[in-house]
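J.: query15.cif (mmCIF, C-alpha atoms) pasted underneath:
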data_entry
loop_
_atom_site.label_atom_id
_atom_site.label_comp_id
_atom_site.auth_asym_id
_atom_site.auth_seq_id
_atom_site.Cartn_x
_atom_site.Cartn_y
_atom_site.Cartn_z
CA MET A 204 181.40 123.53 59.53
CA VAL A 205 179.08 126.41 60.45
CA TYR A 206 176.84 125.37 63.33
CA TYR A 207 173.89 127.68 63.84
CA PHE A 208 170.80 128.09 65.95
CA SER A 209 168.05 130.47 64.87
CA GLY A 210 164.43 131.22 65.61
CA GLN A 211 163.39 134.44 63.91
CA GLY A 212 165.98 134.16 61.11
CA ASN A 213 168.84 136.55 61.96
CA SER A 214 171.36 133.85 62.79
CA ARG A 215 170.23 131.64 59.93
CA ALA A 216 170.86 134.46 57.44
CA ALA A 217 174.29 135.09 58.97
CA ALA A 218 175.18 131.38 58.89
CA ILE A 219 174.13 131.00 55.26
CA ALA A 220 176.12 134.08 54.24
CA LEU A 221 179.21 132.85 56.10
CA GLY A 222 178.89 129.35 54.68
CA LYS A 223 178.63 130.70 51.16
CA THR A 224 181.56 133.09 51.55
CA LEU A 225 183.81 130.54 53.25
CA GLY A 226 182.70 127.55 51.18
CA MET A 227 181.64 125.67 54.32
CA GLU A 228 178.72 123.39 55.10
CA ILE A 229 176.13 124.57 57.60
CA CYS A 230 174.37 122.59 60.32
CA ARG A 231 171.21 123.83 62.02
CA ILE A 232 171.02 123.05 65.72
CA THR A 233 167.64 121.49 66.47
CA ARG A 234 166.38 119.02 69.05
CA ARG A 235 167.03 116.22 66.59
CA GLU A 236 170.62 117.34 65.98
CA ILE A 237 171.23 117.70 69.72
CA ASP A 238 169.96 114.19 70.43
CA ASN A 239 172.26 112.78 67.71
CA ALA A 240 175.27 115.02 68.42
CA HIS A 241 177.30 112.23 70.04
CA ALA A 242 177.25 110.31 66.75
CA ALA A 243 178.03 113.29 64.50
CA GLU A 244 181.34 113.80 62.77
CA PRO A 245 183.57 115.73 65.20
CA PRO A 246 185.19 119.06 64.28
CA THR A 247 188.59 118.61 62.68
CA PRO A 248 191.82 120.49 63.51
CA ASP A 249 192.44 121.35 59.86
CA GLU A 250 189.10 123.13 59.34
CA ALA A 251 187.51 126.05 61.16
CA SER A 252 184.34 125.51 63.16
CA VAL A 253 181.98 128.48 63.37
CA TRP A 254 179.17 128.92 65.89
CA VAL A 255 176.39 131.34 64.96
CA PHE A 256 173.56 132.01 67.39
CA PRO A 257 171.38 134.78 68.82
CA VAL A 258 172.20 136.19 72.23
CA HIS A 259 169.62 135.00 74.77
CA ALA A 260 169.52 137.10 77.94
CA TRP A 261 173.15 138.16 77.46
CA GLY A 262 174.32 134.60 77.15
CA VAL A 263 174.53 131.50 74.97
CA PRO A 264 171.15 129.87 74.22
CA ARG A 265 170.52 126.78 76.30
CA VAL A 266 170.22 124.59 73.22
CA VAL A 267 173.62 125.71 71.91
CA GLU A 268 175.18 124.93 75.29
CA GLU A 269 173.66 121.46 75.15
CA PHE A 270 174.88 120.84 71.60
CA ILE A 271 178.43 121.94 72.48
CA GLU A 272 178.44 119.58 75.47
CA ARG A 273 177.20 116.62 73.41
CA LEU A 274 179.06 117.08 70.13
CA ALA A 275 181.70 114.43 69.50
CA SER A 276 185.21 115.68 70.22
CA ASP A 277 188.25 115.73 67.96
CA THR A 278 190.57 115.53 70.97
CA PRO A 279 189.84 112.22 72.73
CA ASP A 280 193.42 112.01 74.02
CA GLY A 281 193.76 115.65 75.05
CA GLY A 282 195.79 116.72 72.03
CA ALA A 283 195.60 120.08 70.28
CA GLY A 284 192.01 120.60 69.24
CA SER A 285 190.22 122.32 66.40
CA VAL A 286 189.79 126.11 66.22
CA HIS A 287 186.31 127.47 66.93
CA HIS A 288 184.93 130.92 66.12
CA MET A 289 181.80 132.63 67.45
CA VAL A 290 179.39 134.99 65.69
CA ALA A 291 176.65 136.14 68.07
CA THR A 292 173.75 138.08 66.58
CA CYS A 293 172.13 140.67 68.81
CA GLY A 294 169.77 143.63 68.75
CA ASP A 295 172.06 145.83 70.84
CA ASP A 296 174.78 144.24 72.99
CA ILE A 297 175.94 140.83 74.20
CA GLY A 298 177.16 141.27 77.77
CA ARG A 299 179.76 138.58 78.37
CA THR A 300 178.30 136.02 76.00
CA ASP A 301 181.66 135.66 74.27
CA ARG A 302 183.42 134.73 77.51
CA LEU A 303 180.75 132.24 78.48
CA TRP A 304 181.00 130.60 75.05
CA ALA A 305 184.81 130.56 75.12
CA ALA A 306 184.79 128.79 78.49
CA MET A 307 182.54 126.06 77.02
CA ILE A 308 184.84 125.63 74.02
CA ARG A 309 187.98 125.36 76.14
CA ALA A 310 186.25 122.89 78.44
CA ARG A 311 185.90 120.57 75.43
CA GLY A 312 189.62 120.76 74.67
CA TRP A 313 189.07 122.98 71.64
CA ARG A 314 190.83 126.24 70.83
CA VAL A 315 189.19 129.66 70.66
CA GLY A 316 189.60 131.68 67.49
CA GLY A 317 187.83 134.94 66.69
CA VAL A 318 184.73 136.05 68.59
CA PHE A 319 182.39 138.53 66.95
CA SER A 320 179.02 140.15 67.56
CA LEU A 321 176.74 141.17 64.71
CA THR A 322 174.00 143.73 65.30
CA MET A 323 170.76 142.75 63.56
CA PRO A 324 167.03 143.53 63.97
CA ASN A 325 165.62 143.27 67.49
CA THR A 326 163.44 140.20 68.08
CA TYR A 327 162.72 140.01 71.81
CA VAL A 328 159.23 141.24 72.75
CA CYS A 329 158.25 139.34 75.89
CA LEU A 330 158.86 142.05 78.50
CA PRO A 331 157.65 145.64 78.82
CA GLY A 332 159.91 148.05 76.99
CA PHE A 333 161.17 145.44 74.50
CA ASP A 334 159.89 145.58 70.91
CA THR A 335 160.99 145.05 67.34
CA ASP A 336 162.77 147.82 65.45
CA SER A 337 161.13 150.18 63.01
CA ALA A 338 161.34 149.07 59.38
CA GLU A 339 163.93 151.76 58.68
CA LEU A 340 166.18 150.80 61.59
CA ALA A 341 165.90 147.09 60.78
CA ALA A 342 166.92 147.79 57.18
CA ASP A 343 169.90 149.87 58.33
CA LYS A 344 171.02 147.08 60.67
CA LEU A 345 170.83 144.52 57.87
CA ASP A 346 172.86 146.75 55.54
CA SER A 347 175.57 147.13 58.18
CA ALA A 348 175.47 143.43 59.01
CA SER A 349 176.00 142.52 55.36
CA ALA A 350 179.25 144.48 55.34
CA GLY A 351 180.16 143.06 58.73
CA ILE A 352 179.77 139.49 57.48
CA GLU A 353 182.42 140.07 54.81
CA ALA A 354 184.93 141.32 57.38
CA ILE A 355 184.14 138.48 59.78
CA ALA A 356 184.47 135.85 57.03
CA SER A 357 187.85 137.25 56.05
CA ARG A 358 189.05 136.95 59.62
CA ILE A 359 187.68 133.43 60.11
CA ALA A 360 189.35 132.29 56.89
CA ASP A 361 192.72 132.73 58.61
CA ASN A 362 191.54 130.25 61.27
CA ARG A 363 193.93 131.49 63.94
CA ALA A 364 193.47 130.46 67.57
CA ASP A 365 194.23 133.88 69.01
CA GLY A 366 190.95 134.71 70.75
CA MET A 367 190.49 137.94 68.79
CA ARG A 368 187.46 139.86 70.12
CA GLN A 369 185.26 142.21 68.06
CA VAL A 370 182.15 142.42 70.19
CA THR A 371 179.78 144.97 71.72
CA PRO A 372 179.49 144.06 75.41
CA GLY A 373 177.37 147.11 76.32
CA SER A 374 177.09 148.64 79.76
CA MET A 375 177.45 146.53 82.92
CA PRO A 376 178.23 143.35 80.94
CA TRP A 377 179.16 141.26 83.97
CA ALA A 378 175.91 142.07 85.78
CA LYS A 379 173.84 141.33 82.67
CA SER A 380 175.42 137.92 82.03
CA HIS A 381 175.98 136.76 85.60
CA ILE A 382 173.06 138.29 87.51
CA LEU A 383 170.23 139.14 85.10
CA ARG A 384 170.75 136.12 82.87
CA PRO A 385 170.28 133.49 85.64
CA LEU A 386 167.18 135.34 86.83
CA PHE A 387 165.82 135.45 83.28
CA ASN A 388 166.47 131.73 82.76
CA ALA A 389 164.84 130.87 86.08
CA PHE A 390 161.67 132.92 85.72
CA LEU A 391 161.13 133.95 82.08
CA MET A 392 161.76 130.80 80.07
CA SER A 393 158.38 129.13 80.55
CA PRO A 394 156.26 128.26 77.49
CA ARG A 395 153.17 128.51 79.70
CA GLY A 396 152.99 132.20 78.87
CA PHE A 397 152.09 131.64 75.22
CA ARG A 398 148.53 132.54 74.27
CA VAL A 399 146.53 131.81 71.11
CA ASP A 400 143.84 134.05 69.68
CA ARG A 401 141.31 131.43 68.60
CA GLY A 402 139.58 133.97 66.39
CA LYS A 403 142.74 134.29 64.28
CA CYS A 404 144.27 130.81 64.49
CA ASN A 405 143.25 128.43 61.69
CA SER A 406 145.44 125.49 62.80
CA CYS A 407 147.76 125.90 59.81
CA GLY A 408 150.65 124.30 61.71
CA VAL A 409 153.33 126.84 60.78
CA CYS A 410 154.23 127.32 64.45
CA SER A 411 154.86 123.59 64.80
CA SER A 412 156.91 123.33 61.62
CA VAL A 413 159.25 126.22 62.49
CA CYS A 414 159.87 125.17 66.11
CA PRO A 415 163.50 123.95 66.27
CA MET A 416 162.75 121.90 69.38
CA ASP A 417 159.74 119.98 67.98
CA ASN A 418 157.95 121.37 71.02
CA ILE A 419 154.64 122.47 69.47
CA THR A 420 151.78 120.23 68.44
CA VAL A 421 148.56 121.36 66.80
CA ASP A 422 145.97 119.49 68.80
CA GLY A 423 142.45 119.98 67.55
CA SER A 424 141.91 123.67 66.94
CA CYS A 425 145.02 125.32 68.40
CA PRO A 426 148.73 124.74 69.08
CA ARG A 427 150.01 123.39 72.37
CA TRP A 428 153.48 123.90 73.79
CA GLY A 429 155.49 121.18 75.53
CA SER A 430 158.17 121.75 78.13
CA ASP A 431 161.20 121.78 75.82
CA CYS A 432 161.05 125.48 74.94
CA THR A 433 164.07 127.72 74.43
CA MET A 434 162.07 130.96 73.95
CA CYS A 435 163.45 131.56 70.47
CA LEU A 436 160.05 133.06 69.54
CA ALA A 437 159.98 131.45 66.09
CA CYS A 438 156.33 130.57 66.68
CA TYR A 439 155.45 134.18 67.56
CA HIS A 440 157.32 135.86 64.71
CA ARG A 441 156.46 133.31 62.02
CA CYS A 442 152.72 132.93 62.69
CA PRO A 443 151.09 134.09 59.42
CA HIS A 444 147.90 135.16 61.21
CA ASP A 445 149.40 137.03 64.20
CA ALA A 446 147.51 134.62 66.41
CA ILE A 447 150.26 133.89 68.96
CA GLY A 448 151.18 136.14 71.86
CA TYR A 449 153.03 135.88 75.15
CA ARG A 450 151.03 136.76 78.25
CA CYS A 451 149.94 140.40 77.88
CA PHE A 452 153.43 141.62 77.01
CA THR A 453 153.22 141.29 73.21
CA ARG A 454 150.00 143.21 72.57
CA GLY A 455 150.55 145.76 69.84
CA LYS A 456 154.16 144.75 69.32
CA GLY A 457 155.83 143.96 66.04
CA ARG A 458 156.74 140.71 64.37
CA VAL A 459 159.72 140.25 62.10
CA HIS A 460 161.24 137.45 60.05
CA THR A 461 164.66 137.89 58.48
CA PRO A 462 164.83 136.04 55.12
CA SER A 463 167.62 133.54 54.69
CA ASP A 464 169.14 135.60 51.84
CA ALA A 465 169.01 138.91 53.75
CA LEU A 466 172.81 139.13 53.92
#
Once more with this new file: its structure as C-alpha cells, please.
T.:
Amino acid sequence: MVYYFSGQGNSRAAAIALGKTLGMEICRITRREIDNAHAAEPPTPDEASVWVFPVHAWGVPRVVEEFIERLASDTPDGGAGSVHHMVATCGDDIGRTDRLWAAMIRARGWRVGGVFSLTMPNTYVCLPGFDTDSAELAADKLDSASAGIEAIASRIADNRADGMRQVTPGSMPWAKSHILRPLFNAFLMSPRGFRVDRGKCNSCGVCSSVCPMDNITVDGSCPRWGSDCTMCLACYHRCPHDAIGYRCFTRGKGRVHTPSDAL
C-alpha cells in the first residue's frame, strides 16, 4: 500500500506514479481516514508499505504522525513486522525528517526500509523570503523527479529492511528539525492567519472540497476555517480566484498546483 498525504499536489503525483510503477494501491490520508485508521487493514509483512508526504517544517506532517499512531498493526504479539519505506517531497531539503519518521515506524514494531527525498516545486509561502519557484525551475524539478521516481520504485520493489538513505538533509539538519520545527509548530500553524478577498471570492467551495481535514466551511459569502488545520495550503494554492491569502505574507506570491499525472 502507498499511503500519502498531499495538499498542493506534489506528494499525490509521486504517490500515483509509485503506485502505478509498483502495481500497488494508494490511500490518501485525510481526516476521515485518520479517524477510521484503527479499523483499516493493517500492513502485511509480505508487501511493502510506502509513505509519501511533503516535508512540513523539516519534519513529518502532524496528520501523518497521527495516522501512523492510529493505523492497525500487523505485529500484535511483537513479531517481525512489515517493511516500510519513506518518500518525502520537498522544495529544497528535509532536515532530519527521515530519522523522525523512522523512529515512529520502529515504535510501532515495523521495520524501516529505504528512505528517500524527492525535490519538487516549492509550495510554502507563509513567511517572508519563501515563495514558489519560477515556471522554469518548477518544470526542471518535475523532470528530475520523474527520473527519480523510477529509481526509487526500483529500490522499493526489493522491499529490504536495510534503512537505506537517499536524502538531502541540507545544512544544520538537527537544528532545523529539533529547534526550528517545534517553534514553527507552536507559533505558525494557526488557521487564524487566513484572509479572504471578498471582492474575488464567489463562494465556489473549492477550498472546502480540497481540504484534506474537512476543516473549511463556506458559510454565507466566504469560507471559514476550523481548528483542525495542518497548514498544507491546499486552499491557498487551489483557489481558482486567488482570493485566499495568509496574513500579509502571501501578497504578490505565486500559487502552484502539481497535476496528478505530472510524474
J.: So which residues get picked by the PyMOL selection byres ((chain A and resi 400) around 12) here, written as a list in words?
T.: Phe397, Arg398, Val399, Arg401, Gly402, Lys403, Cys404, Asn405, Ser406, Ser424, Cys425, Pro426, Tyr439, Cys442, His444, Asp445, Ala446, Ile447, Gly448, Tyr449, Arg450 and Arg454 of chain A
J.: Pick the closest to Thr453 (chain A) from A:Leu225, A:Val263, A:Leu330, A:Cys410: which is it, counting only C-alpha atoms?
T.: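 Using only C-alpha atoms, the shortest distance to Thr453 (chain A) belongs to A:Leu330.
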J.: Just to confirm, what's the straight-line distance from CA of Leu436 (chain A) to CA of Asp346 (chain A) in Å (one decimal)?
T.: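 Value for the CA of Leu436 (chain A)-CA of Asp346 (chain A) distance: 23.4 Å.
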J.: What are the closest atom pairs, with distances in Å to one decimal, for each residue of region 329-443 of chain A lying within 12 Å of region 254-257 of chain A, using all atoms listed in the file, rows by chain and rising residue number, as a Markdown table?
T.:
| residue | atom | partner | partner_atom | distance |
| --- | --- | --- | --- | --- |
| A:Ile352 | CA | A:Val255 | CA | 11.6 |
| A:Ile355 | CA | A:Val255 | CA | 11.7 |
| A:Ile359 | CA | A:Trp254 | CA | 11.2 |
| A:Thr433 | CA | A:Pro257 | CA | 11.6 |
| A:Met434 | CA | A:Pro257 | CA | 11.3 |
| A:Cys435 | CA | A:Pro257 | CA | 8.7 |
| A:Leu436 | CA | A:Pro257 | CA | 11.5 |
J.: Since we have the selection now, will you write its residues out, keeping C-alpha atoms, as an mmCIF file, in the coordinates of the input?
T.:
data_model
loop_
_atom_site.group_PDB
_atom_site.id
_atom_site.type_symbol
_atom_site.label_atom_id
_atom_site.label_comp_id
_atom_site.auth_asym_id
_atom_site.auth_seq_id
_atom_site.Cartn_x
_atom_site.Cartn_y
_atom_site.Cartn_z
ATOM 1 C CA ILE A 352 179.770 139.490 57.480
ATOM 2 C CA ILE A 355 184.140 138.480 59.780
ATOM 3 C CA ILE A 359 187.680 133.430 60.110
ATOM 4 C CA THR A 433 164.070 127.720 74.430
ATOM 5 C CA MET A 434 162.070 130.960 73.950
ATOM 6 C CA CYS A 435 163.450 131.560 70.470
ATOM 7 C CA LEU A 436 160.050 133.060 69.540
#
J.: So that I can check the surroundings of Leu345 (chain A), please list as a count of residues only every protein, DNA and RNA residue that reaches within 10 Å of it, counting all atoms listed in the file and ignoring chain neighbours fewer than 6 positions away.
T.: 9
J.: Taking all atoms listed in the file into account, which of A:Val258, A:Val205, A:His241, A:Cys329 comes nearest Gly226 (chain A)?
T.: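 Of A:Val258, A:Val205, A:His241, A:Cys329, the one nearest Gly226 (chain A), counting all atoms listed in the file, is A:Val205.
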J.: So, counting only C-alpha atoms, which residue among A:Ser357, A:Val328, A:Ala364, A:Trp377 is closest to Arg309 (chain A)?
T.: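 Under the stated criterion, the closest residue is A:Ala364.
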J.: To one decimal place in Å, what is the distance between CA of Cys451 (chain A) and CA of Arg395 (chain A)?
T.: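 Between CA of Cys451 (chain A) and CA of Arg395 (chain A) the gap works out to 12.5 Å.
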J.: Using only C-alpha atoms, which of the listed residues (A:Tyr207, A:Phe270, A:Phe333, A:Trp261) sits closest to Arg302 (chain A)?
T.: A:Trp261
J.: Would you mind reading off the distance between CA of Thr233 (chain A) and CA of Gly423 (chain A), one decimal, in Å?
T.: 25.3 Å
J.: Selected by the PyMOL selection byres ((chain A and resi 429) around 9) in the shown coordinates: which residues, as number ranges by chain?
T.: A: 394-395, 417-420, 427-428, 430-432
J.: Enumerate, as a list in words, the residues matched when the PyMOL selection byres ((chain A and resi 244) around 12) is run on the file above.
T.: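 After applying the PyMOL selection byres ((chain A and resi 244) around 12), what remains is Met204, Cys230, Glu236, Asn239, Ala240, His241, Ala242, Ala243, Pro245, Pro246, Thr247, Arg273, Leu274, Ala275, Ser276 and Asp277 of chain A.
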J.: What lies within 9 Å of Arg311 (chain A) using all atoms listed in the file, ignoring chain neighbours under 6 positions off, as a list in words?
T.: Ile271, Glu272, Ser276, Thr278 and Gly284 of chain A
J.: Determine, counting all atoms listed in the file, which protein, DNA and RNA residues have an atom within 8 Å of an atom of Arg363 (chain A); residues of the same chain fewer than 4 positions away are not included. Present the result as an NGL selection string.
T.: :A and (286 or 316-317 or 359)
J.: Missing atoms in region 332-345 of chain A: fill them in up to N, CA and C atoms and send the result as an mmCIF file, keeping the file's coordinate frame.
T.:
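Below is the file that was written, rebuild32.cif:
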data_model
loop_
_atom_site.group_PDB
_atom_site.id
_atom_site.type_symbol
_atom_site.label_atom_id
_atom_site.label_comp_id
_atom_site.auth_asym_id
_atom_site.auth_seq_id
_atom_site.Cartn_x
_atom_site.Cartn_y
_atom_site.Cartn_z
ATOM 1 N N GLY A 332 158.773 147.262 77.436
ATOM 2 C CA GLY A 332 159.910 148.050 76.990
ATOM 3 C C GLY A 332 160.729 147.410 75.885
ATOM 4 N N PHE A 333 160.456 146.149 75.560
ATOM 5 C CA PHE A 333 161.170 145.440 74.500
ATOM 6 C C PHE A 333 160.240 145.285 73.301
ATOM 7 N N ASP A 334 160.712 145.690 72.112
ATOM 8 C CA ASP A 334 159.890 145.580 70.910
ATOM 9 C C ASP A 334 160.809 145.447 69.702
ATOM 10 N N THR A 335 160.230 145.118 68.570
ATOM 11 C CA THR A 335 160.990 145.050 67.340
ATOM 12 C C THR A 335 161.368 146.458 66.878
ATOM 13 N N ASP A 336 162.341 146.537 65.977
ATOM 14 C CA ASP A 336 162.770 147.820 65.450
ATOM 15 C C ASP A 336 161.789 148.343 64.406
ATOM 16 N N SER A 337 161.877 149.631 64.136
ATOM 17 C CA SER A 337 161.130 150.180 63.010
ATOM 18 C C SER A 337 161.680 149.573 61.724
ATOM 19 N N ALA A 338 160.908 149.635 60.661
ATOM 20 C CA ALA A 338 161.340 149.070 59.380
ATOM 21 C C ALA A 338 162.630 149.726 58.903
ATOM 22 N N GLU A 339 162.739 151.032 59.129
ATOM 23 C CA GLU A 339 163.930 151.760 58.680
ATOM 24 C C GLU A 339 165.167 151.324 59.453
ATOM 25 N N LEU A 340 165.029 151.204 60.784
ATOM 26 C CA LEU A 340 166.180 150.800 61.590
ATOM 27 C C LEU A 340 166.577 149.361 61.287
ATOM 28 N N ALA A 341 165.597 148.487 61.109
ATOM 29 C CA ALA A 341 165.900 147.090 60.780
ATOM 30 C C ALA A 341 166.660 147.002 59.460
ATOM 31 N N ALA A 342 166.238 147.789 58.473
ATOM 32 C CA ALA A 342 166.920 147.790 57.180
ATOM 33 C C ALA A 342 168.350 148.297 57.310
ATOM 34 N N ASP A 343 168.543 149.338 58.110
ATOM 35 C CA ASP A 343 169.900 149.870 58.330
ATOM 36 C C ASP A 343 170.787 148.827 58.997
ATOM 37 N N LYS A 344 170.233 148.111 59.976
ATOM 38 C CA LYS A 344 171.020 147.080 60.670
ATOM 39 C C LYS A 344 171.421 145.969 59.697
ATOM 40 N N LEU A 345 170.509 145.575 58.823
ATOM 41 C CA LEU A 345 170.830 144.520 57.870
ATOM 42 C C LEU A 345 171.884 144.965 56.871
#
